[in-house]
Structure formats: structure tokens, C-alpha cells
Amino acid sequence: MDKLIITAACDSRVSYPANHYCLPSTRENAVAIADEYVRCLDAGASIAHLHGIRALEAEIQEDGKKLSRLDVAGWQEMTQSIRDRTDGIIQYGIAGARLEDRVPLMKLGPDMMSVAFNSHDEYFQPDPSYPPNAIYSLHPLEELREYTKVTAEHGVKIEVESFHTGALWNLRRLQGEGLLPEPVWTTLFVDWDGGSWTPPEERALQFMVDSLPAGVNWNVSVMSPERHWNILAMAIGMGGHIRVGYEDNPYLSPGELADSNARLVDKAVQLATLLGREIASPDEAREIIGLHSRVPV
């Protein structure tokens, strides 16, 4: 099987607002957040999944969406700080933002960009003493087709975000229309609270993997602190790839908060080593994913 690609998702306090180790997404913290990504890439991650500088809207807007608004200059500063020091793959996350707001980000030259292939319906409240953070938006086929067009124009590969098998129907449809160049890269999201939830059970992951068409590389993100490492171990053994970091699960074990994202990458590397899976370098990850060699922007 391919070497294991590890993605680090470091910079989000939306999912775990009580995690005091995770820096707020402000312009003042852009370089410090970049430092965290550099430590993860040095520890064995190949992909930096950035959420950049942004703020979640306080309420549902007139267009029926409740999403993040972006500070493009802050994203540029964070991206450049990472690129100056590593050869890691830059993957722009924040699929929970409007397409028109994300086009300026594409002009910064990321390797990849996340696109949710199902409706956004996320509801985070792991600590009842904090108010819930919720994200809402439909992503119909016409919008997804537009994403394939615009990302192709900017030379950015789509990371298909799949929270349930409805996303895989959209993936199959656009793949069949020739709009998703192979190999397709998808992340399967397990135990992300809200109306797009998939349970943190082995059979749920197996079902999603069995539902994938040919020509797809799959990655796994697990939010459950209790089942996180169990499901990731299963993914490693099955030949999939994995994502770790404060956005998904900030715990080294239930109740044991990691004091840095790099500690989570370290554990992922140790787990893969125990299971006999080699770790991909950024160059090896580019080859597996189907990315061109990095070109300075």
C-alpha cells in the first residue's frame, strides 16, 4: 500500500473553544500559528490544512448561510511563513465559506482547497459552558461544478470533504462528468456533530470506504476524543490516510490535552510505525495525490 500521508489541522477553536493551547485566528497570531504548522511538518505531517485568519458569522445571514468571513492578507502571511521554512503541501480548508470569498485565496497558490460535497450542518458544543458554534450552508451540484471550474483555472486540486455517503454520490456524479481529475482526494469525516453526522464506528468507516468509486485516495478525520485513535488505526491498516490536529481532536488520550499539535503528529507516526506503515514525505505525498512539484508563488 502507499506510504501514509498525515494531514495536520492546527488552527481552529470553533470545534473545541475551551482548548487554551489553540491560538485564536487573528492577524496578530498568523506567524505563531504558522510556527505550529512547521512543527507538525517537521514531525512527519505532509499536508498543512490551514483555516487561516477568519471569523464565524454570529447568525444566519439573508442568503440562508452561517459561514466564515476571511482575511486574505492574514492567510497570505501565514502561508508564506510556512512556505519559507518547509516544503509541505498547503491545503486551504475553511470549506465553510462562500465560493466568492474563496476565489481570492486561490490566487495565493495553495496546492489544494477543501470543498464540502454535502450540505454544511455542523454544531459544536463539546463543553456546555461555552455557547455552540454552528455552520450552515447548502452546496448544490451547480456550486460544486463551479468549484471544479474555478479551482482548475487556478491550478488548485480539490479536497473533497465527505461527511456522509450523500457526498460520495456527488463525487461519483462529478467524477463521471469528467470534472474531478484522478486521482481524486477525499477526506471522510467521522463523528462531526450536526445534521451531517456519521457515527464513530468501524462499520461506518468501512461502509463509506466501500462506497467509494475507483480512482479515489481517501483520508480520515475523526472528531470523537474517545474513538479518535481507534478509527485512525483502522484507516492506517486499511491503506487510507489520516488527519490529526486541534480542529479534529486535541487529546492524546481521553482527558489528556496535547500541549501542541506536533504531539498529535508524533502519536500518529508512532501508531503507523507499530502497524508497519511507512510515512510519506511531502514529495512522496505529492506523487500519491497527483500534485505538481511546488512552484514558488
# chains A, B, ... in the order shown; residues from 1 in each chain; ligands from 1
>>> residues_around(residues="Arg173 (chain A)", least_positions_apart="6", cutoff="12 Å", atoms="only C-alpha atoms", output="list in words")
Phe117, Leu141, Glu142, Leu144, Arg145, Gly166, Ala167, Leu179, Leu180, Leu212 and Pro213 of chain A
>>> write_last_selection(atoms="all heavy atoms", output="PDB file, in the first residue's frame")
ATOM      1  N   PHE A 117     -18.749  18.396  -0.158  1.00  0.00           N
ATOM      2  CA  PHE A 117     -19.615  17.805  -1.167  1.00  0.00           C
ATOM      3  C   PHE A 117     -20.957  17.385  -0.591  1.00  0.00           C
ATOM      4  O   PHE A 117     -21.735  16.689  -1.247  1.00  0.00           O
ATOM      5  CB  PHE A 117     -18.913  16.622  -1.842  1.00  0.00           C
ATOM      6  CG  PHE A 117     -18.150  17.011  -3.085  1.00  0.00           C
ATOM      7  CD1 PHE A 117     -17.293  18.112  -3.081  1.00  0.00           C
ATOM      8  CD2 PHE A 117     -18.280  16.291  -4.254  1.00  0.00           C
ATOM      9  CE1 PHE A 117     -16.592  18.493  -4.228  1.00  0.00           C
ATOM     10  CE2 PHE A 117     -17.587  16.649  -5.407  1.00  0.00           C
ATOM     11  CZ  PHE A 117     -16.745  17.741  -5.401  1.00  0.00           C
ATOM     12  N   LEU A 141     -25.199  20.800  -6.569  1.00  0.00           N
ATOM     13  CA  LEU A 141     -24.329  20.341  -7.649  1.00  0.00           C
ATOM     14  C   LEU A 141     -23.808  21.488  -8.512  1.00  0.00           C
ATOM     15  O   LEU A 141     -22.648  21.478  -8.938  1.00  0.00           O
ATOM     16  CB  LEU A 141     -25.072  19.330  -8.529  1.00  0.00           C
ATOM     17  CG  LEU A 141     -24.928  17.850  -8.172  1.00  0.00           C
ATOM     18  CD1 LEU A 141     -25.817  17.009  -9.068  1.00  0.00           C
ATOM     19  CD2 LEU A 141     -23.474  17.397  -8.291  1.00  0.00           C
ATOM     20  N   GLU A 142     -24.648  22.462  -8.782  1.00  0.00           N
ATOM     21  CA  GLU A 142     -24.194  23.569  -9.631  1.00  0.00           C
ATOM     22  C   GLU A 142     -23.034  24.324  -8.985  1.00  0.00           C
ATOM     23  O   GLU A 142     -22.103  24.751  -9.665  1.00  0.00           O
ATOM     24  CB  GLU A 142     -25.348  24.526  -9.944  1.00  0.00           C
ATOM     25  CG  GLU A 142     -26.292  24.013 -11.017  1.00  0.00           C
ATOM     26  CD  GLU A 142     -25.548  23.606 -12.288  1.00  0.00           C
ATOM     27  OE1 GLU A 142     -24.740  24.413 -12.790  1.00  0.00           O
ATOM     28  OE2 GLU A 142     -25.754  22.466 -12.762  1.00  0.00           O
ATOM     29  N   LEU A 144     -20.888  22.969  -6.869  1.00  0.00           N
ATOM     30  CA  LEU A 144     -19.740  22.065  -6.925  1.00  0.00           C
ATOM     31  C   LEU A 144     -19.120  22.057  -8.322  1.00  0.00           C
ATOM     32  O   LEU A 144     -17.886  22.012  -8.459  1.00  0.00           O
ATOM     33  CB  LEU A 144     -20.159  20.654  -6.516  1.00  0.00           C
ATOM     34  CG  LEU A 144     -20.720  20.512  -5.089  1.00  0.00           C
ATOM     35  CD1 LEU A 144     -21.062  19.053  -4.797  1.00  0.00           C
ATOM     36  CD2 LEU A 144     -19.751  21.064  -4.046  1.00  0.00           C
ATOM     37  N   ARG A 145     -19.953  22.102  -9.346  1.00  0.00           N
ATOM     38  CA  ARG A 145     -19.419  22.191 -10.717  1.00  0.00           C
ATOM     39  C   ARG A 145     -18.623  23.482 -10.892  1.00  0.00           C
ATOM     40  O   ARG A 145     -17.570  23.498 -11.541  1.00  0.00           O
ATOM     41  CB  ARG A 145     -20.555  22.132 -11.734  1.00  0.00           C
ATOM     42  CG  ARG A 145     -21.222  20.764 -11.854  1.00  0.00           C
ATOM     43  CD  ARG A 145     -22.156  20.709 -13.046  1.00  0.00           C
ATOM     44  NE  ARG A 145     -22.802  19.408 -13.158  1.00  0.00           N
ATOM     45  CZ  ARG A 145     -24.048  19.150 -12.783  1.00  0.00           C
ATOM     46  NH1 ARG A 145     -24.798  20.129 -12.262  1.00  0.00           N
ATOM     47  NH2 ARG A 145     -24.560  17.950 -12.919  1.00  0.00           N
ATOM     48  N   GLY A 166     -23.943  10.773   1.060  1.00  0.00           N
ATOM     49  CA  GLY A 166     -24.515  11.680   0.064  1.00  0.00           C
ATOM     50  C   GLY A 166     -23.429  12.452  -0.670  1.00  0.00           C
ATOM     51  O   GLY A 166     -23.533  12.728  -1.874  1.00  0.00           O
ATOM     52  N   ALA A 167     -22.351  12.802   0.059  1.00  0.00           N
ATOM     53  CA  ALA A 167     -21.220  13.475  -0.585  1.00  0.00           C
ATOM     54  C   ALA A 167     -20.577  12.572  -1.622  1.00  0.00           C
ATOM     55  O   ALA A 167     -20.093  13.036  -2.665  1.00  0.00           O
ATOM     56  CB  ALA A 167     -20.194  13.883   0.469  1.00  0.00           C
ATOM     57  N   LEU A 179     -15.170  15.966 -14.292  1.00  0.00           N
ATOM     58  CA  LEU A 179     -14.835  17.245 -13.655  1.00  0.00           C
ATOM     59  C   LEU A 179     -13.864  17.104 -12.482  1.00  0.00           C
ATOM     60  O   LEU A 179     -13.412  18.117 -11.953  1.00  0.00           O
ATOM     61  CB  LEU A 179     -16.120  17.934 -13.173  1.00  0.00           C
ATOM     62  CG  LEU A 179     -17.110  18.310 -14.279  1.00  0.00           C
ATOM     63  CD1 LEU A 179     -18.370  18.914 -13.683  1.00  0.00           C
ATOM     64  CD2 LEU A 179     -16.470  19.280 -15.272  1.00  0.00           C
ATOM     65  N   LEU A 180     -13.567  15.876 -12.089  1.00  0.00           N
ATOM     66  CA  LEU A 180     -12.627  15.639 -10.983  1.00  0.00           C
ATOM     67  C   LEU A 180     -11.469  14.789 -11.509  1.00  0.00           C
ATOM     68  O   LEU A 180     -11.575  13.563 -11.579  1.00  0.00           O
ATOM     69  CB  LEU A 180     -13.321  14.923  -9.823  1.00  0.00           C
ATOM     70  CG  LEU A 180     -14.341  15.729  -9.013  1.00  0.00           C
ATOM     71  CD1 LEU A 180     -15.055  14.821  -8.020  1.00  0.00           C
ATOM     72  CD2 LEU A 180     -13.670  16.887  -8.291  1.00  0.00           C
ATOM     73  N   LEU A 212     -16.857   4.122  -2.018  1.00  0.00           N
ATOM     74  CA  LEU A 212     -16.015   4.946  -2.892  1.00  0.00           C
ATOM     75  C   LEU A 212     -15.850   4.290  -4.254  1.00  0.00           C
ATOM     76  O   LEU A 212     -15.691   3.071  -4.350  1.00  0.00           O
ATOM     77  CB  LEU A 212     -14.635   5.143  -2.255  1.00  0.00           C
ATOM     78  CG  LEU A 212     -14.558   6.044  -1.032  1.00  0.00           C
ATOM     79  CD1 LEU A 212     -13.188   5.910  -0.363  1.00  0.00           C
ATOM     80  CD2 LEU A 212     -14.816   7.500  -1.424  1.00  0.00           C
ATOM     81  N   PRO A 213     -15.852   5.091  -5.324  1.00  0.00           N
ATOM     82  CA  PRO A 213     -15.549   4.544  -6.644  1.00  0.00           C
ATOM     83  C   PRO A 213     -14.043   4.358  -6.814  1.00  0.00           C
ATOM     84  O   PRO A 213     -13.246   4.781  -5.962  1.00  0.00           O
ATOM     85  CB  PRO A 213     -16.075   5.620  -7.591  1.00  0.00           C
ATOM     86  CG  PRO A 213     -15.926   6.892  -6.819  1.00  0.00           C
ATOM     87  CD  PRO A 213     -16.167   6.524  -5.372  1.00  0.00           C
TER      88      PRO A 213
END
>>> select_by_dssp(residues="region 93-122 of chain A", states="helix (DSSP H, G or I)", output="count of residues only")
8
>>> residues_around(residues="region 200-208 of chain A", least_positions_apart="3", cutoff="6 Å", atoms="only C-alpha atoms", output="PDB file with N, CA, C and O atoms, in the first residue's frame")
ATOM      1  N   VAL A 190     -15.737  11.622  10.363  1.00  0.00           N
ATOM      2  CA  VAL A 190     -16.427  10.722  11.293  1.00  0.00           C
ATOM      3  C   VAL A 190     -16.665  11.446  12.619  1.00  0.00           C
ATOM      4  O   VAL A 190     -15.748  12.064  13.174  1.00  0.00           O
ATOM      5  N   ASP A 191     -17.889  11.388  13.106  1.00  0.00           N
ATOM      6  CA  ASP A 191     -18.303  11.960  14.397  1.00  0.00           C
ATOM      7  C   ASP A 191     -18.158  13.479  14.458  1.00  0.00           C
ATOM      8  O   ASP A 191     -17.841  14.030  15.513  1.00  0.00           O
ATOM      9  N   SER A 211     -18.154   2.452  -0.318  1.00  0.00           N
ATOM     10  CA  SER A 211     -18.990   3.241  -1.226  1.00  0.00           C
ATOM     11  C   SER A 211     -18.188   4.110  -2.183  1.00  0.00           C
ATOM     12  O   SER A 211     -18.763   4.763  -3.052  1.00  0.00           O
TER      13      SER A 211
END
>>> closest_residue(among="A:Thr151, A:Pro131, A:Ala262, A:Gly240", to="Ala58 (chain A)", atoms="only C-alpha atoms")
A:Pro131
>>> atom_distance(atom1="CA of Ile33 (chain A)", atom2="CA of Val269 (chain A)")
21.5 Å
>>> closest_residue(among="A:Val216, A:Ala18, A:Leu108, A:Ala285", to="Ser129 (chain A)", atoms="only C-alpha atoms")
A:Ala18
>>> closest_residue(among="A:Ala73, A:Leu168, A:Leu232, A:Ala48", to="Arg27 (chain A)", atoms="only C-alpha atoms")
A:Ala73
>>> select_by_dssp(residues="region 109-250 of chain A", states="strand (DSSP E)", output="VMD selection string")
chain A and resid 112 to 116 120 to 124 133 to 137 157 to 162 184 to 190 216 to 222 241 to 244
>>> closest_residue(among="A:Ile94, A:Met223, A:Ala233, A:Ile288", to="Glu247 (chain A)", atoms="only C-alpha atoms")
A:Met223
